[in-house]
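The next block holds one structure in the form of structure tokens; read it before the comments.
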There are 2 protein chains.
Amino acid sequence: MPDYPFAFNVPLLGGRPTRYDVHTARTLSAMNGQYADQAAYAALLAQGDVVVYEVYEIKRPEVVGELLHGISIVHPGRVGDEYFMTKGHFHAELATAEVYYCLQGSGRLVLETPEGDWSVQELRPGGVVYVPPRWAHRSVNTGDGDLAMLYVYPAHAGHDYGTIERQGFRKLVVERGGRPSVVDNPRWSNGNSET
Amino acid sequence: MPDYPFAFNVPLLGGRPTRYDVHTARTLSAMNGQYADQAAYAALLAQGDVVVYEVYEIKRPEVVGELLHGISIVHPGRVGDEYFMTKGHFHAELATAEVYYCLQGSGRLVLETPEGDWSVQELRPGGVVYVPPRWAHRSVNTGDGDLAMLYVYPAHAGHDYGTIERQGFRKLVVERGGRPSVVDNPRWSNGNSET
């Protein structure tokens, strides 16, 4: 039996795609330890466990040659001065790339390599960002509305969330004077220490 | 030296992306033998060798884990009653998929496998089409304006144009009564005969 082509529609003004296999909603409580300002995090969480971002994914066999793809939507908001964002991850198969196409909203894609390089790319409607192999990536919503993106990556990539959960990204995107600003993460360590 | 992330912009109302490495323009003369109505083809070509479609591609290492991506634009037009289209191809590494995202215009993605299965998927703005491994694919512009798409596929896929050049696709997309219609290709053979 062949595996048939299929199509689905991505509403240009947001909302869920007309076809998906898996819907993941990450709430604030799932982001424990990810924001620099832990007091602001605790205060916000006490008001309610809001959804920070959602992912609608098409399932495919996780083998070389297939492509996983879907829509990610980061809702607007901040924890202290740090914008709402995804957990971010390396691919478990580190030498795999990803393509993002921004459908709606405005934000930043924050990236870094295990070797210490970092990059911050702007996300705006009609913008493509290429994540080369070896670059961890996190989406940050710096706007007032949803940040929606189409993503495509090799289906054998897998995810490594643990490295980022332990130490975060080297750079944070925060609001300073009403505008997005990239600053050093005061809690980031080089991984040689757990403190 | 790391290979750095990069971004570029795809104008939502057509036009070339703000970054690309290779621009390919296929003219009518490069489509020799691809249209069913060869008399109409010769007559149109005699009026001028117009550009049928263009591709703007980002170059990447052609290895497993990387993703080739870019924008394809099929211009509007017909050869007889058959709409302007791309040459179409299998991937040389047959077991590789592709994701299309339609940015602008309207059309069809015509697909088939070596085993004889075929499929025709609609292309409209905001629509995603998944091309599973093993499916040859051709874009057809059934509208009055440009058909523009973002595409992403594994960088080790390669292209096999020869199989399609020899026998075409099983199905054609033609105008019938002012509307797109899918019909059998009268010139299609099963590859056992060159006649």
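Ordering of the structure tokens sets the chain letters (A, B, ...); residue numbers start at 1 within each chain; ligands are numbered from 1 in the order shown.
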- Message: Set the distance at 8 Å and use only C-alpha atoms: which residues neighbour Arg26 (chain A) once local chain neighbours fewer than 3 positions away are removed? I'd like the list as a list in words.
- Response: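 Once the nearby chain positions are removed, what remains is Ala30, Met31, Val51, Val52, Tyr53 and Glu54 of chain A.
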Once you have the residues from the selection above, write them out as a PDB file, in the first residue's frame, restricted to all heavy atoms.
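The result, stored in again00.pdb:
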ATOM      1  N   ALA A  30       4.611  23.984  33.026  1.00  0.00           N
ATOM      2  CA  ALA A  30       5.566  23.126  32.317  1.00  0.00           C
ATOM      3  C   ALA A  30       6.880  23.849  32.032  1.00  0.00           C
ATOM      4  O   ALA A  30       7.843  23.240  31.586  1.00  0.00           O
ATOM      5  CB  ALA A  30       4.953  22.640  30.996  1.00  0.00           C
ATOM      6  N   MET A  31       6.900  25.165  32.298  1.00  0.00           N
ATOM      7  CA  MET A  31       8.086  25.978  32.016  1.00  0.00           C
ATOM      8  C   MET A  31       8.890  26.262  33.288  1.00  0.00           C
ATOM      9  O   MET A  31       9.742  27.154  33.301  1.00  0.00           O
ATOM     10  CB  MET A  31       7.663  27.306  31.372  1.00  0.00           C
ATOM     11  CG  MET A  31       6.872  27.166  30.094  1.00  0.00           C
ATOM     12  SD  MET A  31       7.859  26.480  28.728  1.00  0.00           S
ATOM     13  CE  MET A  31       8.916  27.891  28.347  1.00  0.00           C
ATOM     14  N   VAL A  51      -1.848  28.832  29.149  1.00  0.00           N
ATOM     15  CA  VAL A  51      -1.143  28.178  28.043  1.00  0.00           C
ATOM     16  C   VAL A  51      -0.146  29.172  27.450  1.00  0.00           C
ATOM     17  O   VAL A  51      -0.515  30.275  27.053  1.00  0.00           O
ATOM     18  CB  VAL A  51      -2.132  27.709  26.952  1.00  0.00           C
ATOM     19  CG1 VAL A  51      -1.372  27.158  25.743  1.00  0.00           C
ATOM     20  CG2 VAL A  51      -3.076  26.646  27.525  1.00  0.00           C
ATOM     21  N   VAL A  52       1.133  28.768  27.403  1.00  0.00           N
ATOM     22  CA  VAL A  52       2.184  29.625  26.857  1.00  0.00           C
ATOM     23  C   VAL A  52       2.335  29.389  25.351  1.00  0.00           C
ATOM     24  O   VAL A  52       2.458  30.329  24.573  1.00  0.00           O
ATOM     25  CB  VAL A  52       3.519  29.380  27.583  1.00  0.00           C
ATOM     26  CG1 VAL A  52       4.649  30.191  26.944  1.00  0.00           C
ATOM     27  CG2 VAL A  52       3.385  29.713  29.065  1.00  0.00           C
ATOM     28  N   TYR A  53       2.338  28.120  24.937  1.00  0.00           N
ATOM     29  CA  TYR A  53       2.423  27.850  23.488  1.00  0.00           C
ATOM     30  C   TYR A  53       1.771  26.521  23.153  1.00  0.00           C
ATOM     31  O   TYR A  53       1.559  25.673  24.024  1.00  0.00           O
ATOM     32  CB  TYR A  53       3.860  27.921  22.987  1.00  0.00           C
ATOM     33  CG  TYR A  53       4.817  26.845  23.461  1.00  0.00           C
ATOM     34  CD1 TYR A  53       5.095  25.724  22.663  1.00  0.00           C
ATOM     35  CD2 TYR A  53       5.479  26.959  24.677  1.00  0.00           C
ATOM     36  CE1 TYR A  53       6.004  24.759  23.074  1.00  0.00           C
ATOM     37  CE2 TYR A  53       6.376  25.993  25.095  1.00  0.00           C
ATOM     38  CZ  TYR A  53       6.638  24.889  24.297  1.00  0.00           C
ATOM     39  OH  TYR A  53       7.526  23.935  24.710  1.00  0.00           O
ATOM     40  N   GLU A  54       1.439  26.396  21.866  1.00  0.00           N
ATOM     41  CA  GLU A  54       0.759  25.199  21.361  1.00  0.00           C
ATOM     42  C   GLU A  54       1.450  24.734  20.088  1.00  0.00           C
ATOM     43  O   GLU A  54       1.973  25.550  19.321  1.00  0.00           O
ATOM     44  CB  GLU A  54      -0.705  25.522  21.040  1.00  0.00           C
ATOM     45  CG  GLU A  54      -1.462  26.053  22.253  1.00  0.00           C
ATOM     46  CD  GLU A  54      -2.912  26.369  21.928  1.00  0.00           C
ATOM     47  OE1 GLU A  54      -3.668  25.413  21.661  1.00  0.00           O
ATOM     48  OE2 GLU A  54      -3.275  27.552  21.938  1.00  0.00           O
TER      49      GLU A  54
END
Residues of chain A no more than 7 Å from chain B, counting only C-alpha atoms: send them over as an MDAnalysis selection string. chainID A and resid 3:12 65:67 95:97 119 121 126:133 154
Self-check item: Nearby residues (only C-alpha atoms) at most 8 Å from region 181-183 of chain B, same-chain spacing under 3 positions excluded, as a VMD selection string
Solution: chain B and resid 171 to 176
- prompt: When you draw a straight line from CA of Ile164 (chain B) to CA of Lys87 (chain B), how long is it in Å?
  reply: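 Going from CA of Ile164 (chain B) over to CA of Lys87 (chain B) covers 7.7 Å.
Taking CA of Gly33 (chain B) and CA of Val79 (chain B) as the two end points, the separation is 11.6 Å.
The space separating CA of Val55 (chain B) from CA of Ala43 (chain B) comes to 25.6 Å.
Residues of region 3-182 of chain B assigned to alpha helix (DSSP H) by DSSP on this structure's backbone: Gln38, Ala39, Ala40, Tyr41, Ala42, Ala43, Leu44, Leu45, Ala46, Gln47, Gly162, Thr163, Ile164, Glu165, Arg166 and Gln167 of chain B.
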### Message
What parts of chain B does DSSP call strand (DSSP E)? I'd like the answer as an NGL selection string.
### Response
:B and (6-9 or 22-27 or 51-58 or 67-74 or 78-79 or 82-83 or 98-104 or 107-112 or 118-123 or 127-131 or 136-141 or 147-154 or 171-176 or 179-184)
Residue neighbourhood Pro186 (chain A), 12 Å, only C-alpha atoms, exclusion window fewer than 3 positions, as a PyMOL selection string: chain A and resi 35-37+167-172+183+189-190
Of B:Tyr161, B:His89, B:Trp188, B:Arg16, the one sitting nearest Asp146 (chain B) when using only C-alpha atoms is B:Arg16
